[in-house]
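Structure record follows, encoded as structure tokens.
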Amino acid sequence: MAERSRAAVDVADDSGDEPLTAKAEQTTADGATQTREQDTAAADEDAEKTDGPKSPASSTPPELHSGHKLARRYRLEECVTRLDGFSSWRAVDEKLRRAVGVHLLPADHPRGRSVLAAARSSALLGDPRFVQVLDAVEENDLVYVVHEWLPDATELTALLAAGPLEVHEAYQLVHQVSQAMAAAHREGLAHLRLTPSAVLRTSTGQWRIRGLAVNAALRGITSDTPQRTDTEAIGALLYAALTQRWPYEDDAYGLSGLPKDIGLIAPDQVRAGVHRGLSELAMRALVNDGATASRQEPPCTTTEDLVKAVGEMPRIRPPEPTFTPPPEYQRTTYQQGTYGRPAARPGVPQPMPPVPPPPLQSRTGKALKWAVSALLIVALGLGSWQLADALMDHGNSGDSSTSGDAGGDEKGRPKPTKPLTIEDAREYVAEGSPQAPGDVAKTYDGDSSTSWRTKTYKGGPNLAPYKSGVGIVYDLGSAKDVSAATIGLQYGGDHTSVSLYAADSLSPSTSVDSMKSIGSGTTSGTTLKINAGKPVNTRYVLVWLTALPKSGSDGYYGAGYKQALTDVKFSG
């Protein structure tokens, strides 16, 4: 019979009675010390792309496919990582009807036991700042670990692809991640693979960490000083958030490394305008690898030191929302009381305003009132009669023009629109990894042979619930009335759905649900025309794809649900 082990039931390893929390470091105790990885291979757990062969491991991974079920409950959907004898999948928990992530490896894999032990100890932590382990099972010659899947969260890798983080977000990153890792270290757990792909920002602005102990166990990563290794990794994350550069010589995680032969330099020397306090904090955490702090503060060798250093910094507040003051109120001669008077100054007596004369109370005054009232009534009557006469004349002239000329603008046709120039564009990543951020300019270069492509998806046409959509934000240079869009598509078929939204910038600060809708459309062809019910005045327009057609293999791109934008044009 298969042996089925649950994290909530079996806490101790079969080989002894020592608690699993005390064995957290033993999950990475075999092999040489490894404090960081510079390998940029696609080993990140939530990558969308599945193309590319991986090097074989000593234990052959099980041959599984989409649609395979584990424990009659977890249906595998898409393989996101296949590396070193294990594979990672996006799956569906059919019992609870939710998306989950699954790591799979053979039961006889040399790291199978350590992966189970790491998953059990991580599940027992129960800290909501970490992506939770839901199940750890050994069954039918397989070892698999089930964890949460966060469709509304975005990897730090995708955020940094758009540029450095704003100073308040960088502060929240180091503040929340250092506190979470300090709590894990107090329980005897370490991460050892704290990379930009392991840190996620949710739609509410909270930072969460995935792969605690498990990611390192899957790859056999160990360290003699796990707390120091994690502290340096947090320093590297802060450095990348401030500069959009990786603090080592080699390129990694989509970021350029530092110039050769100059060593580690402070973030405020790499990029202008970096917050001085955060720059020094990053150097104090990275001092473990031979860097020198810019001032005399001691290095942060543990996460507790890092939490204390963050707490001693002046709190960085979020940026103030932009507010346009209303126009100054114009006083009129009809104001009474204190509104029409100058502001009083202490100690200075204010003159009394003159008392207005009483209204006319005599017989002459009453007659004058009645005369004015009668004149107003006569004026209103004459004005109403003239307005009605003008409307009747306009209706007669409209009828005659219609009978004489059937194609004039008098029939109520909309005014002709003119094309709007696109100044800039940037890919919008709501969750997960980007599609092809380097190709967005090909959608408005006037060449229909070039395009921006989405990744190839196994399920479709709708991207939900695993991904809300993909798209590009276009900059029109200034606020303009947008009334229509023409979108060229590379693939036809059932079906492509596109929506237009008014965004607040090239990197929108709000979710798609909070943006103002301009229009939407669906097509099975290669051209989609979207007309707005009413022109919307905006500078930034988001073209948002929520459904993709199924297409066959074409060269490098495999068969599946995919789409490519060739020409995007706006008019208004």
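Chain labels follow the order of the structure tokens: the first chain is A, the next B, and so on; residue numbering restarts at 1 in every chain, and ligands are counted from 1 in their shown order.
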Give me the residues near Val214 in chain A as a ChimeraX atom specification, where near means some atom within 12 Å (using only C-alpha atoms) and where sequence neighbours in that chain fewer than 4 positions away do not count.
/A:24-25,27-28,45,88,102-104,111-123,130-133,136,144-147,189-194,198,209-210,218-222
Identify which of the residues A:Tyr248, A:Lys467, A:Leu476, A:Ile377 lies closest to Ile262 in chain A, counting only C-alpha atoms when measuring atom-to-atom distances.
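Ranked by minimum distance to Ile262 in chain A, first place goes to A:Tyr248.
In terms of minimum interatomic distance to Thr526 in chain A, A:Thr486 ranks closest within A:Thr486, A:Ser384, A:Thr546, A:Thr510, counting only C-alpha atoms.
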Pick from A:Glu431, A:Asp439, A:Asp554, A:Asp250 nearest to Thr154 in chain A, counting only C-alpha atoms
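Among the listed residues, the smallest separation from Thr154 in chain A belongs to A:Glu431.
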Nearest to Thr302 in chain A among A:Val543, A:Ala374, A:Ile487, A:Leu286, with distances taken over only C-alpha atoms: which residue is it?
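Of A:Val543, A:Ala374, A:Ile487, A:Leu286, the one nearest Thr302 in chain A, counting only C-alpha atoms, is A:Leu286.
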Just list as a VMD selection string whatever in range 90-125 of chain A DSSP marks as strand (DSSP E or B).
chain A and resid 90 to 93 98 to 106
I'd like the interatomic distance between CA of Gly67 in chain A and CA of Glu148 in chain A, to a tenth of an Å.
19.1 Å
With distances taken over only C-alpha atoms, the candidate from A:Gly521, A:Pro465, A:Gly101, A:Pro299 nearest Arg75 in chain A is A:Gly101
Nearest to Lys455 in chain A by atom-to-atom distance, counting only C-alpha atoms, from A:Pro535, A:Gly558, A:Leu387, A:Lys369:
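Smallest distance to Lys455 in chain A is found for A:Gly558.
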Write out as a PyMOL selection string the residues lying within 10 Å of Ala564 in chain A, counting only C-alpha atoms and excluding same-chain residues fewer than 2 positions away.
chain A and resi 443+450-455+488-491+526+548+562+566-567
Could you write out that same residue set with N, CA, C and O atoms as a PDB file, in the first residue's frame?
ATOM      1  N   THR A 443       4.107  47.038 -32.208  1.00  0.00           N
ATOM      2  CA  THR A 443       2.663  47.104 -32.459  1.00  0.00           C
ATOM      3  C   THR A 443       2.236  48.438 -33.050  1.00  0.00           C
ATOM      4  O   THR A 443       1.082  48.571 -33.454  1.00  0.00           O
ATOM      5  N   THR A 450       5.801  42.742 -38.191  1.00  0.00           N
ATOM      6  CA  THR A 450       6.344  42.630 -36.829  1.00  0.00           C
ATOM      7  C   THR A 450       5.199  42.621 -35.844  1.00  0.00           C
ATOM      8  O   THR A 450       4.115  43.151 -36.130  1.00  0.00           O
ATOM      9  N   SER A 451       5.430  42.056 -34.652  1.00  0.00           N
ATOM     10  CA  SER A 451       4.322  41.914 -33.706  1.00  0.00           C
ATOM     11  C   SER A 451       4.844  41.737 -32.299  1.00  0.00           C
ATOM     12  O   SER A 451       6.022  41.452 -32.079  1.00  0.00           O
ATOM     13  N   TRP A 452       3.929  41.928 -31.353  1.00  0.00           N
ATOM     14  CA  TRP A 452       4.140  41.594 -29.929  1.00  0.00           C
ATOM     15  C   TRP A 452       3.310  40.339 -29.656  1.00  0.00           C
ATOM     16  O   TRP A 452       2.106  40.308 -29.920  1.00  0.00           O
ATOM     17  N   ARG A 453       3.944  39.266 -29.156  1.00  0.00           N
ATOM     18  CA  ARG A 453       3.273  37.985 -28.970  1.00  0.00           C
ATOM     19  C   ARG A 453       2.999  37.701 -27.499  1.00  0.00           C
ATOM     20  O   ARG A 453       3.793  38.069 -26.625  1.00  0.00           O
ATOM     21  N   THR A 454       1.891  37.012 -27.261  1.00  0.00           N
ATOM     22  CA  THR A 454       1.644  36.455 -25.929  1.00  0.00           C
ATOM     23  C   THR A 454       2.361  35.113 -25.836  1.00  0.00           C
ATOM     24  O   THR A 454       2.845  34.576 -26.830  1.00  0.00           O
ATOM     25  N   LYS A 455       2.423  34.582 -24.648  1.00  0.00           N
ATOM     26  CA  LYS A 455       2.915  33.230 -24.486  1.00  0.00           C
ATOM     27  C   LYS A 455       1.839  32.235 -24.955  1.00  0.00           C
ATOM     28  O   LYS A 455       0.691  32.614 -25.212  1.00  0.00           O
ATOM     29  N   GLY A 488      -4.788  45.087 -35.308  1.00  0.00           N
ATOM     30  CA  GLY A 488      -4.415  44.006 -36.211  1.00  0.00           C
ATOM     31  C   GLY A 488      -3.934  42.797 -35.435  1.00  0.00           C
ATOM     32  O   GLY A 488      -3.117  42.918 -34.518  1.00  0.00           O
ATOM     33  N   LEU A 489      -4.454  41.621 -35.777  1.00  0.00           N
ATOM     34  CA  LEU A 489      -4.138  40.385 -35.071  1.00  0.00           C
ATOM     35  C   LEU A 489      -3.462  39.402 -36.038  1.00  0.00           C
ATOM     36  O   LEU A 489      -3.759  39.392 -37.231  1.00  0.00           O
ATOM     37  N   GLN A 490      -2.580  38.578 -35.520  1.00  0.00           N
ATOM     38  CA  GLN A 490      -1.872  37.618 -36.368  1.00  0.00           C
ATOM     39  C   GLN A 490      -2.649  36.315 -36.543  1.00  0.00           C
ATOM     40  O   GLN A 490      -2.596  35.687 -37.586  1.00  0.00           O
ATOM     41  N   TYR A 491      -3.368  35.906 -35.484  1.00  0.00           N
ATOM     42  CA  TYR A 491      -4.061  34.623 -35.531  1.00  0.00           C
ATOM     43  C   TYR A 491      -5.566  34.832 -35.531  1.00  0.00           C
ATOM     44  O   TYR A 491      -6.109  35.610 -34.734  1.00  0.00           O
ATOM     45  N   THR A 526      -8.754  38.508 -38.143  1.00  0.00           N
ATOM     46  CA  THR A 526      -7.431  39.070 -37.848  1.00  0.00           C
ATOM     47  C   THR A 526      -7.461  40.580 -37.731  1.00  0.00           C
ATOM     48  O   THR A 526      -6.411  41.213 -37.667  1.00  0.00           O
ATOM     49  N   LEU A 548      -7.961  34.239 -26.030  1.00  0.00           N
ATOM     50  CA  LEU A 548      -7.051  34.023 -27.147  1.00  0.00           C
ATOM     51  C   LEU A 548      -7.511  32.817 -27.958  1.00  0.00           C
ATOM     52  O   LEU A 548      -7.982  31.820 -27.403  1.00  0.00           O
ATOM     53  N   LYS A 562      -2.999  31.382 -28.178  1.00  0.00           N
ATOM     54  CA  LYS A 562      -2.022  32.463 -28.243  1.00  0.00           C
ATOM     55  C   LYS A 562      -2.542  33.536 -29.188  1.00  0.00           C
ATOM     56  O   LYS A 562      -3.505  33.334 -29.931  1.00  0.00           O
ATOM     57  N   THR A 566      -0.224  43.067 -34.261  1.00  0.00           N
ATOM     58  CA  THR A 566       0.654  43.548 -35.330  1.00  0.00           C
ATOM     59  C   THR A 566       0.565  45.060 -35.511  1.00  0.00           C
ATOM     60  O   THR A 566       1.594  45.721 -35.641  1.00  0.00           O
ATOM     61  N   ASP A 567      -0.636  45.624 -35.540  1.00  0.00           N
ATOM     62  CA  ASP A 567      -0.826  47.065 -35.710  1.00  0.00           C
ATOM     63  C   ASP A 567      -1.942  47.532 -34.786  1.00  0.00           C
ATOM     64  O   ASP A 567      -3.049  46.990 -34.817  1.00  0.00           O
TER      65      ASP A 567
END
A straight line from CA of Gln269 in chain A to CA of Ala182 in chain A spans 29.2 Å
